[in-house]
$ cat target.txt   # compact mmCIF, C-alpha atoms and all ligand atoms
# COMPACT_ATOMS: atom_id res chain seq x y z
CA MET U 1 -19.70 -16.80 -71.08
CA SER U 2 -22.82 -18.38 -69.60
CA ILE U 3 -22.49 -21.09 -66.95
CA GLN U 4 -24.58 -24.24 -67.27
CA LEU U 5 -26.22 -25.29 -64.01
CA ASP U 6 -27.03 -28.90 -63.18
CA PRO U 7 -29.72 -29.30 -60.48
CA THR U 8 -28.86 -33.00 -60.12
CA PHE U 9 -25.29 -32.25 -59.04
CA LEU U 10 -25.81 -32.24 -55.25
CA PRO U 11 -27.63 -35.60 -55.14
CA ASP U 12 -24.91 -36.99 -57.40
CA LEU U 13 -22.14 -35.64 -55.15
CA ALA U 14 -23.80 -37.33 -52.15
CA LYS U 15 -23.01 -40.65 -53.84
CA TYR U 16 -19.32 -39.65 -53.70
CA GLY U 17 -19.57 -39.19 -49.94
CA ALA U 18 -20.80 -35.62 -49.39
CA GLY U 19 -23.10 -35.06 -46.42
CA ASP U 20 -26.21 -32.87 -46.45
CA ILE U 21 -24.50 -29.91 -48.07
CA SER U 22 -27.88 -28.32 -48.92
CA ALA U 23 -28.12 -27.55 -45.17
CA CYS U 24 -25.31 -24.95 -45.52
CA PHE U 25 -26.61 -21.40 -45.01
CA HIS U 26 -23.27 -19.72 -45.79
CA CYS U 27 -22.30 -18.41 -42.40
CA GLY U 28 -18.66 -18.68 -43.53
CA ASN U 29 -17.41 -20.32 -40.30
CA CYS U 30 -15.74 -23.14 -42.22
CA THR U 31 -13.74 -20.77 -44.44
CA ALA U 32 -12.80 -18.59 -41.47
CA VAL U 33 -11.52 -21.53 -39.43
CA CYS U 34 -9.62 -23.18 -42.30
CA ASN U 35 -5.96 -22.38 -41.95
CA LEU U 36 -5.27 -23.08 -45.63
CA SER U 37 -8.03 -21.00 -47.16
CA GLU U 38 -6.88 -17.61 -48.47
CA GLU U 39 -7.85 -14.83 -50.80
CA GLY U 40 -7.98 -16.14 -54.34
CA ALA U 41 -8.13 -19.75 -53.09
CA SER U 42 -11.10 -19.58 -50.78
CA PHE U 43 -12.79 -22.78 -49.55
CA PRO U 44 -14.86 -24.62 -48.52
CA ARG U 45 -17.78 -22.11 -48.60
CA LYS U 46 -17.14 -20.88 -52.15
CA MET U 47 -16.97 -24.46 -53.44
CA ILE U 48 -20.19 -25.25 -51.57
CA ARG U 49 -21.92 -22.33 -53.30
CA PHE U 50 -20.88 -23.61 -56.74
CA ALA U 51 -22.04 -27.10 -55.82
CA GLN U 52 -25.41 -25.90 -54.56
CA LEU U 53 -25.91 -24.05 -57.84
CA GLY U 54 -24.82 -27.11 -59.82
CA ALA U 55 -22.04 -25.07 -61.49
CA LYS U 56 -19.96 -28.09 -62.45
CA SER U 57 -17.83 -26.14 -64.93
CA GLU U 58 -16.51 -24.03 -62.02
CA LEU U 59 -15.59 -27.15 -60.03
CA ILE U 60 -14.24 -29.62 -62.57
CA GLY U 61 -10.82 -27.95 -62.91
CA ALA U 62 -10.71 -26.18 -59.52
CA SER U 63 -7.53 -26.57 -57.51
CA GLU U 64 -9.20 -25.70 -54.16
CA PRO U 65 -10.33 -29.28 -53.33
CA TRP U 66 -6.65 -30.29 -53.47
CA LEU U 67 -5.50 -27.49 -51.19
CA CYS U 68 -7.51 -29.14 -48.39
CA TYR U 69 -5.85 -31.85 -46.27
CA ALA U 70 -8.95 -33.15 -44.50
CA CYS U 71 -8.07 -31.98 -41.00
CA GLY U 72 -11.80 -31.75 -40.26
CA GLU U 73 -11.66 -28.43 -38.39
CA CYS U 74 -14.34 -26.93 -40.63
CA SER U 75 -16.80 -29.75 -39.95
CA THR U 76 -16.44 -29.40 -36.18
CA THR U 77 -17.33 -25.69 -36.39
CA CYS U 78 -20.22 -26.00 -38.85
CA PRO U 79 -23.48 -25.02 -37.09
CA ARG U 80 -25.55 -26.92 -39.67
CA GLN U 81 -23.66 -30.23 -39.62
CA ALA U 82 -23.17 -29.87 -43.37
CA GLU U 83 -19.83 -31.70 -43.09
CA PRO U 84 -17.73 -29.36 -45.27
CA ALA U 85 -14.62 -31.55 -44.84
CA GLU U 86 -16.50 -34.55 -46.23
CA PHE U 87 -17.79 -32.30 -49.00
CA MET U 88 -14.21 -31.36 -49.99
CA ALA U 89 -13.22 -35.05 -49.99
CA SER U 90 -16.21 -35.91 -52.18
CA LEU U 91 -15.22 -33.15 -54.63
CA ARG U 92 -11.77 -34.73 -54.91
CA ARG U 93 -13.33 -38.13 -55.64
CA TRP U 94 -15.70 -36.56 -58.18
CA GLN U 95 -12.83 -34.81 -59.99
CA ILE U 96 -10.82 -38.05 -60.15
CA ALA U 97 -13.82 -39.91 -61.56
CA GLN U 98 -14.26 -37.29 -64.30
CA LEU U 99 -10.66 -37.87 -65.41
CA ASP U 100 -11.05 -41.61 -65.98
CA PRO U 101 -11.30 -42.15 -69.77
CA THR U 102 -13.05 -45.53 -69.35
CA GLY U 103 -15.95 -43.99 -67.43
CA MET U 104 -15.65 -46.76 -64.83
CA GLY U 105 -14.27 -44.37 -62.21
CA LYS U 106 -17.73 -42.89 -61.60
CA LEU U 107 -19.19 -46.30 -60.81
CA TRP U 108 -16.10 -47.18 -58.76
CA PHE U 109 -16.70 -44.33 -56.31
CA LYS U 110 -20.49 -44.37 -56.32
CA VAL U 111 -21.36 -48.08 -56.29
CA PRO U 112 -19.37 -50.17 -53.78
CA ALA U 113 -20.85 -53.40 -55.19
CA PHE U 114 -19.38 -52.53 -58.61
CA ALA U 115 -15.96 -51.83 -57.10
CA LEU U 116 -16.10 -55.14 -55.22
CA LEU U 117 -17.14 -57.02 -58.35
CA VAL U 118 -14.30 -55.50 -60.43
CA THR U 119 -11.84 -56.30 -57.63
CA MET U 120 -12.88 -59.96 -57.47
CA ALA U 121 -13.07 -60.36 -61.26
CA LEU U 122 -9.59 -58.92 -61.86
CA MET U 123 -8.19 -61.00 -59.03
CA GLY U 124 -9.69 -64.09 -60.69
CA VAL U 125 -8.28 -63.19 -64.11
CA PHE U 126 -4.74 -62.41 -62.88
CA GLY U 127 -4.69 -65.38 -60.49
CA THR U 128 -5.87 -67.78 -63.20
CA LEU U 129 -3.27 -66.49 -65.66
CA MET U 130 -0.50 -67.02 -63.14
CA VAL U 131 -1.40 -70.55 -62.15
CA SER U 132 -2.28 -71.78 -65.65
CA ILE U 133 0.54 -70.42 -67.83
CA HIS U 134 3.96 -71.69 -66.86
CA GLY U 135 6.88 -70.15 -68.70
CA SER U 136 10.31 -71.72 -68.78
CA LYS U 137 11.55 -71.50 -65.21
CA VAL U 138 14.49 -69.21 -65.81
CA PHE U 139 14.48 -68.17 -62.17
CA PRO U 140 13.49 -71.31 -60.30
CA GLN U 141 14.51 -69.82 -56.94
CA TRP U 142 11.33 -67.75 -57.17
CA VAL U 143 9.12 -70.77 -57.74
CA PHE U 144 8.78 -71.84 -54.15
CA GLY U 145 6.64 -74.93 -54.62
CA GLY U 146 6.36 -75.23 -58.38
CA THR U 147 3.00 -73.45 -58.80
CA ALA U 148 3.90 -69.89 -59.76
CA ALA U 149 6.04 -69.09 -62.81
CA TYR U 150 8.22 -66.02 -62.41
CA GLU U 151 8.28 -65.30 -66.15
CA THR U 152 4.50 -65.40 -66.46
CA ILE U 153 4.14 -62.89 -63.64
CA HIS U 154 6.56 -60.54 -65.34
CA HIS U 155 4.95 -60.82 -68.75
CA VAL U 156 1.49 -60.12 -67.32
CA GLY U 157 3.06 -57.25 -65.35
CA MET U 158 4.48 -55.70 -68.52
CA VAL U 159 1.07 -55.76 -70.23
CA VAL U 160 -0.51 -54.17 -67.14
CA GLY U 161 2.24 -51.52 -67.06
CA ALA U 162 1.63 -50.64 -70.73
CA LEU U 163 -2.12 -50.33 -70.11
CA LEU U 164 -1.43 -48.08 -67.12
CA VAL U 165 0.74 -45.74 -69.21
CA ALA U 166 -1.99 -45.47 -71.89
CA LEU U 167 -4.75 -44.79 -69.33
CA LEU U 168 -2.71 -42.26 -67.39
CA ALA U 169 -1.74 -40.43 -70.58
CA ALA U 170 -5.43 -40.03 -71.46
CA SER U 171 -6.27 -38.88 -67.92
CA PHE U 172 -3.39 -36.43 -67.92
CA GLY U 173 -4.59 -34.90 -71.18
CA LEU U 174 -8.02 -34.30 -69.62
CA LEU U 175 -6.42 -32.87 -66.48
CA VAL U 176 -4.34 -30.36 -68.47
CA LYS U 177 -7.37 -29.29 -70.52
CA ARG U 178 -9.83 -28.91 -67.65
CA SER U 179 -7.46 -27.28 -65.18
CA GLY U 180 -6.60 -24.47 -67.61
CA ILE U 181 -2.96 -24.64 -66.55
CA LEU U 182 -1.37 -23.94 -69.97
CA PRO U 183 -2.20 -20.20 -70.14
CA LEU U 184 -0.66 -19.84 -66.67
CA LEU U 185 2.70 -20.99 -68.04
CA LYS U 186 2.84 -18.13 -70.55
CA GLY U 187 4.56 -14.94 -69.47
CA ARG U 188 5.71 -16.39 -66.14
CA LYS U 189 8.91 -18.04 -64.96
CA PRO U 190 7.51 -21.42 -63.95
CA TRP U 191 10.73 -22.72 -62.34
CA SER U 192 10.09 -21.08 -59.00
CA ALA U 193 6.68 -22.77 -58.95
CA PHE U 194 8.26 -26.15 -59.77
CA LYS U 195 10.89 -25.64 -57.05
CA TRP U 196 8.17 -24.79 -54.53
CA LEU U 197 6.22 -27.89 -55.58
CA ALA U 198 9.28 -30.14 -55.15
CA ALA U 199 9.89 -28.77 -51.64
CA GLU U 200 6.21 -29.15 -50.80
CA MET U 201 6.18 -32.78 -51.93
CA VAL U 202 9.26 -33.62 -49.88
CA THR U 203 8.10 -31.90 -46.70
CA MET U 204 4.27 -31.68 -47.03
CA LYS U 205 4.50 -28.37 -45.21
CA ARG U 206 0.92 -27.38 -46.10
CA HIS U 207 -0.29 -30.60 -44.51
CA GLY U 208 1.51 -29.53 -41.33
CA ASP U 209 -0.02 -26.03 -41.59
CA CYS U 210 -3.41 -27.72 -41.65
CA GLU U 211 -2.81 -28.72 -38.02
CA ILE U 212 -2.26 -25.11 -36.95
CA SER U 213 -5.45 -23.27 -36.08
CA ALA U 214 -6.44 -20.12 -37.95
CA ASP U 215 -5.35 -17.98 -34.98
CA GLY U 216 -1.83 -19.39 -35.38
CA VAL U 217 -1.82 -21.66 -32.30
CA VAL U 218 0.54 -24.59 -32.87
CA PRO U 219 -1.04 -27.83 -31.61
CA ILE U 220 0.54 -29.77 -28.72
CA ALA U 221 3.01 -32.42 -29.88
CA LYS U 222 1.31 -35.77 -30.33
CA PRO U 223 2.45 -39.38 -30.76
CA ALA U 224 3.87 -40.18 -34.19
CA HIS U 225 0.96 -42.42 -35.18
CA LYS U 226 -1.48 -39.53 -34.56
CA ASP U 227 0.53 -37.04 -36.59
CA HIS U 228 -1.42 -36.90 -39.89
CA ARG U 229 1.41 -35.30 -41.80
CA LEU U 230 3.97 -37.87 -40.66
CA VAL U 231 1.62 -40.75 -41.45
CA HIS U 232 0.95 -39.33 -44.91
CA LEU U 233 4.68 -38.79 -45.50
CA ALA U 234 5.40 -42.40 -44.46
CA MET U 235 2.81 -43.75 -46.87
CA MET U 236 4.03 -41.57 -49.73
CA TRP U 237 7.77 -42.22 -49.32
CA GLY U 238 7.20 -45.89 -48.59
CA PHE U 239 5.15 -46.21 -51.77
CA ILE U 240 7.75 -44.35 -53.86
CA GLY U 241 10.56 -46.47 -52.37
CA LEU U 242 8.71 -49.68 -53.22
CA GLY U 243 8.18 -48.43 -56.77
CA VAL U 244 11.93 -47.76 -57.10
CA ALA U 245 12.84 -51.17 -55.64
CA THR U 246 10.41 -53.00 -57.94
CA THR U 247 11.75 -51.17 -61.00
CA LEU U 248 15.38 -51.95 -60.05
CA ASP U 249 14.49 -55.59 -59.39
CA PHE U 250 12.79 -55.81 -62.76
CA LEU U 251 15.73 -54.25 -64.61
CA PHE U 252 18.54 -56.14 -62.91
CA ILE U 253 16.93 -59.57 -62.55
CA PHE U 254 14.73 -59.82 -65.61
CA PHE U 255 16.79 -57.85 -68.14
CA LEU U 256 20.36 -58.15 -66.85
CA GLY U 257 20.17 -61.69 -65.48
CA PHE U 258 21.19 -60.99 -61.87
CA GLU U 259 20.16 -63.72 -59.44
CA VAL U 260 19.56 -61.22 -56.64
CA PHE U 261 20.06 -57.43 -56.71
CA TYR U 262 20.74 -56.49 -53.09
CA PRO U 263 20.37 -52.66 -53.34
CA ALA U 264 16.78 -53.19 -54.50
CA ARG U 265 16.25 -55.59 -51.56
CA VAL U 266 17.50 -53.03 -49.05
CA ILE U 267 15.45 -50.17 -50.54
CA GLY U 268 12.39 -52.41 -50.75
CA THR U 269 12.70 -53.61 -47.14
CA ILE U 270 13.10 -50.11 -45.68
CA ALA U 271 10.37 -48.63 -47.90
CA GLY U 272 8.02 -51.53 -47.13
CA ALA U 273 8.49 -51.09 -43.37
CA VAL U 274 7.90 -47.33 -43.61
CA MET U 275 4.78 -47.78 -45.72
CA LEU U 276 3.40 -50.57 -43.52
CA TRP U 277 3.76 -48.34 -40.46
CA GLY U 278 2.05 -45.42 -42.23
CA VAL U 279 -0.83 -47.50 -43.60
CA SER U 280 -1.36 -49.24 -40.22
CA ALA U 281 -1.47 -45.84 -38.48
CA ALA U 282 -3.94 -44.51 -41.07
CA ILE U 283 -6.20 -47.56 -40.63
CA TRP U 284 -5.96 -47.29 -36.83
CA ARG U 285 -6.94 -43.60 -36.97
CA ARG U 286 -10.01 -44.29 -39.08
CA ILE U 287 -11.15 -47.10 -36.78
CA ALA U 288 -10.14 -45.93 -33.31
CA ASP U 289 -9.72 -42.16 -33.53
CA PRO U 290 -12.02 -40.76 -36.20
CA LYS U 291 -12.10 -36.99 -36.55
CA SER U 292 -14.53 -35.08 -38.71
CA GLY U 293 -12.24 -35.16 -41.74
CA THR U 294 -12.16 -38.95 -41.81
CA ARG U 295 -15.32 -39.77 -39.90
CA HIS U 296 -16.88 -41.49 -42.88
CA THR U 297 -14.69 -44.05 -44.59
CA ASN U 298 -16.26 -45.10 -47.87
CA PHE U 299 -15.43 -48.24 -49.80
CA ALA U 300 -13.01 -46.46 -52.16
CA ASP U 301 -10.92 -45.18 -49.21
CA ALA U 302 -10.98 -48.55 -47.43
CA TRP U 303 -10.01 -50.34 -50.66
CA VAL U 304 -6.78 -48.35 -51.04
CA LEU U 305 -5.75 -48.80 -47.40
CA ALA U 306 -6.58 -52.54 -47.44
CA PHE U 307 -4.66 -53.12 -50.68
CA LEU U 308 -1.59 -51.20 -49.49
CA TRP U 309 -1.58 -53.05 -46.15
CA ILE U 310 -1.94 -56.54 -47.68
CA LEU U 311 0.66 -55.74 -50.36
CA ALA U 312 3.14 -54.62 -47.68
CA VAL U 313 2.55 -57.69 -45.47
CA THR U 314 2.71 -60.23 -48.32
CA GLY U 315 5.78 -58.39 -49.66
CA PHE U 316 7.58 -58.96 -46.35
CA TRP U 317 6.47 -62.58 -46.30
CA LEU U 318 8.07 -63.12 -49.73
CA GLU U 319 11.20 -61.25 -48.67
CA VAL U 320 11.70 -63.62 -45.75
CA VAL U 321 10.95 -66.69 -47.87
CA VAL U 322 13.48 -65.65 -50.54
CA THR U 323 16.14 -64.90 -47.93
CA LEU U 324 15.64 -68.26 -46.22
CA LYS U 325 15.30 -70.06 -49.57
CA ALA U 326 12.19 -71.75 -48.19
CA HIS U 327 10.05 -73.94 -50.43
CA HIS U 328 6.39 -74.63 -49.83
CA VAL U 329 3.30 -74.37 -51.98
CA VAL U 330 1.83 -71.86 -49.48
CA HIS U 331 4.55 -69.39 -50.49
CA ASP U 332 3.51 -69.74 -54.13
CA TRP U 333 -0.03 -68.76 -53.25
CA VAL U 334 1.22 -65.79 -51.26
CA LEU U 335 3.27 -64.79 -54.33
CA ILE U 336 0.24 -65.17 -56.60
CA LEU U 337 -1.93 -63.13 -54.19
CA HIS U 338 0.75 -60.44 -53.93
CA ALA U 339 1.35 -60.26 -57.69
CA ALA U 340 -2.36 -60.32 -58.61
CA MET U 341 -3.18 -57.56 -56.10
CA ALA U 342 -0.20 -55.47 -57.22
CA MET U 343 -1.28 -55.70 -60.87
CA GLU U 344 -4.86 -54.86 -60.00
CA PHE U 345 -3.66 -51.91 -57.94
CA VAL U 346 -1.55 -50.65 -60.85
CA LEU U 347 -4.23 -51.19 -63.50
CA LEU U 348 -6.90 -49.33 -61.50
CA PHE U 349 -4.49 -46.63 -60.31
CA GLY U 350 -6.00 -43.78 -62.34
CA MET U 351 -9.61 -44.35 -61.34
CA THR U 352 -9.13 -44.96 -57.60
CA LYS U 353 -8.10 -42.66 -54.79
CA MET U 354 -4.49 -43.40 -55.79
CA ALA U 355 -4.93 -40.92 -58.66
CA HIS U 356 -4.45 -38.20 -56.05
CA VAL U 357 -0.72 -39.03 -56.24
CA LEU U 358 -0.76 -37.26 -59.63
CA VAL U 359 -3.69 -34.86 -59.31
CA ARG U 360 -2.70 -33.18 -56.03
CA PRO U 361 0.84 -32.15 -57.14
CA PHE U 362 -0.61 -30.97 -60.46
CA MET U 363 -3.22 -28.82 -58.72
CA LEU U 364 -0.65 -27.49 -56.25
CA LEU U 365 1.45 -26.43 -59.23
CA LYS U 366 -1.57 -24.64 -60.71
CA TYR U 367 -2.17 -22.91 -57.36
CA LYS U 368 1.46 -21.73 -57.22
CA LEU U 369 1.54 -20.60 -60.85
CA GLU U 370 -1.51 -18.45 -60.19
CA ARG U 371 0.55 -16.70 -57.53
CA THR U 372 3.68 -16.33 -59.66
CA PRO U 373 3.89 -12.77 -61.01
CA MET U 374 3.89 -12.15 -64.74
CA GLU U 375 7.24 -11.14 -66.19
CA THR U 376 7.40 -7.47 -67.09
CA VAL U 377 8.48 -6.48 -70.60
CA ASP U 378 10.84 -3.50 -70.74
S1 LIG U 401 -19.77 -23.56 -41.55
FE1 LIG U 401 -21.38 -24.93 -42.34
S2 LIG U 401 -23.16 -23.60 -42.67
FE2 LIG U 401 -21.39 -22.25 -42.42
S3 LIG U 401 -20.68 -21.87 -44.53
FE3 LIG U 401 -19.53 -23.63 -43.77
S4 LIG U 401 -20.69 -25.43 -44.40
FE4 LIG U 401 -22.04 -23.66 -44.59
S1 LIG U 402 -10.80 -30.10 -43.75
FE1 LIG U 402 -9.27 -28.69 -42.89
S2 LIG U 402 -8.06 -28.03 -44.68
FE2 LIG U 402 -9.96 -28.94 -45.45
S3 LIG U 402 -11.36 -27.23 -45.73
FE3 LIG U 402 -11.75 -28.08 -43.70
S4 LIG U 402 -10.48 -26.87 -42.31
FE4 LIG U 402 -9.71 -26.54 -44.39
$ encode --input "target.txt" --output "structure tokens" --more "lines below"
Ligand code: SF4
Ligand code: SF4
Amino acid sequence: MSIQLDPTFLPDLAKYGAGDISACFHCGNCTAVCNLSEEGASFPRKMIRFAQLGAKSELIGASEPWLCYACGECSTTCPRQAEPAEFMASLRRWQIAQLDPTGMGKLWFKVPAFALLVTMALMGVFGTLMVSIHGSKVFPQWVFGGTAAYETIHHVGMVVGALLVALLAASFGLLVKRSGILPLLKGRKPWSAFKWLAAEMVTMKRHGDCEISADGVVPIAKPAHKDHRLVHLAMMWGFIGLGVATTLDFLFIFFLGFEVFYPARVIGTIAGAVMLWGVSAAIWRRIADPKSGTRHTNFADAWVLAFLWILAVTGFWLEVVVTLKAHHVVHDWVLILHAAMAMEFVLLFGMTKMAHVLVRPFMLLKYKLERTPMETVD
């Protein structure tokens, strides 16, 4: 089968954040120093070669970009300052953009002005809906000053949730097709791969391995906020916990008529605190302690961190207000800001960096299946 080459690929990838990857002369230092690169899943040099050739078909379903955890070791050892770690991050953004069925994902990553415009426009639409449509105030304890209607927020939220499901289903279909994962399921016992993936998601062991140098030297223990794996774990589990708490709240208050559902409150408070710590540490690292892997923060990365941080802070604000049964119009505006940002975050989930929540586990599964032996037939 012939491979189509696209000479415009490298300039296009630069718009996703890649450095001057044409400077790479294939010394192989980056692959040698990368603790996660291995035979059969070799990166970054092999990926760079495909990119330089413009062999997009070899990259679009590749799992290698997702085996990298952006430690930045490869960039520090590159003699040509080709920034291979940034290159791997840009490949991840490019793959996510190709999975967005609306086509907006490409503009989102490449044109910060477009992303800003969409952000402001959606904020305006959701905010206007919430302040202009007042449902019957079934839950008046949520309407702090009489401006925000709890029912309206939930109805808009349900429409946004339905749109998210439709968009993610389309993206998932593309992911399955392009990754070529289905043939890997035939003739193998996939359960061991699924079990490995579950353990990997809980522990993020590979992320920890990223911190160990290729010669096996374990790095000196560092403060929690500088531990990339711990920070990533905090963000992931905090986010999952908040998702669980929001779903429970929705079911018990909106459907079952509870006034307050305390288990959801407890889960939400703990998860929110964990996520806020993780996001704050991640922001601090990018500002005060940049390493090669995160030296360049583009708008798409900053957008996710800013949204998560504001959502966590406004979430705590509302938690305190509800607990104290405080009433003031300021709290309504905090609620509207929180709800509008949450809906925007959910609606754009599949075309922003948040899509990695789905794509990375999927690609890790592909990686593991490739290493699962075929069953022998007697
Ligand atoms: S270390 Fe730099 S020059 Fe060498 S292969 Fe990697 S990216 Fe290319
Ligand atoms: S950033 Fe780290 S994990 Fe990623 S390719 Fe470079 S050395 Fe490997």
$ axis_aligned_box --input "target.txt" --around "region 341-353 of chain U" --padding-each-side "6 Å" --output "AutoDock Vina command-line options"
--center_x -4.9 --center_y -50.1 --center_z -59.1 --size_x 21.4 --size_y 26.9 --size_z 20.7
$ residues_near_ligand --input "target.txt" --ligand "ligand LIG 402 (chain U)" --cutoff "12 Å" --atoms "all atoms listed in the file" --output "PyMOL selection string"
chain U and resi 28-38+41-48+64-78+82-92+206-214+228+291-295
$ closest_residue --input "target.txt" --among "U:Leu242, U:Leu53, U:Met120, U:Leu99" --to "Arg178 (chain U)" --atoms "only C-alpha atoms"
U:Leu99
$ atom_distance --input "target.txt" --atom1 "CA of Glu370 (chain U)" --atom2 "CA of Ala169 (chain U)"
24.3 Å
$ closest_residue --input "target.txt" --among "U:Gly315, U:Gly350, U:Gly180, U:Gly124" --to "Gly103 (chain U)" --atoms "all atoms listed in the file"
U:Gly350
$ atom_distance --input "target.txt" --atom1 "CA of Phe254 (chain U)" --atom2 "CA of Thr119 (chain U)"
28.0 Å
$ residues_around --input "target.txt" --residues "Val118 (chain U)" --least-positions-apart "5" --cutoff "9 Å" --atoms "all atoms listed in the file" --output "MDAnalysis selection string"
chainID U and resid 108 113 123
$ closest_residue --input "target.txt" --among "U:Pro373, U:Gly54, U:Pro79, U:Gly243" --to "ligand LIG 401 (chain U)" --atoms "all atoms listed in the file"
U:Pro79
$ atom_distance --input "target.txt" --atom1 "CA of Cys24 (chain U)" --atom2 "CA of Gln81 (chain U)"
8.1 Å
$ residues_around --input "target.txt" --residues "Leu185 (chain U)" --least-positions-apart "6" --cutoff "12 Å" --atoms "all atoms listed in the file" --output "list in words"
Val176, Trp191, Ser192, Ala193, Phe194, Leu365, Lys366, Tyr367, Lys368, Leu369, Glu370, Arg371, Thr372, Pro373, Met374 and Glu375 of chain U
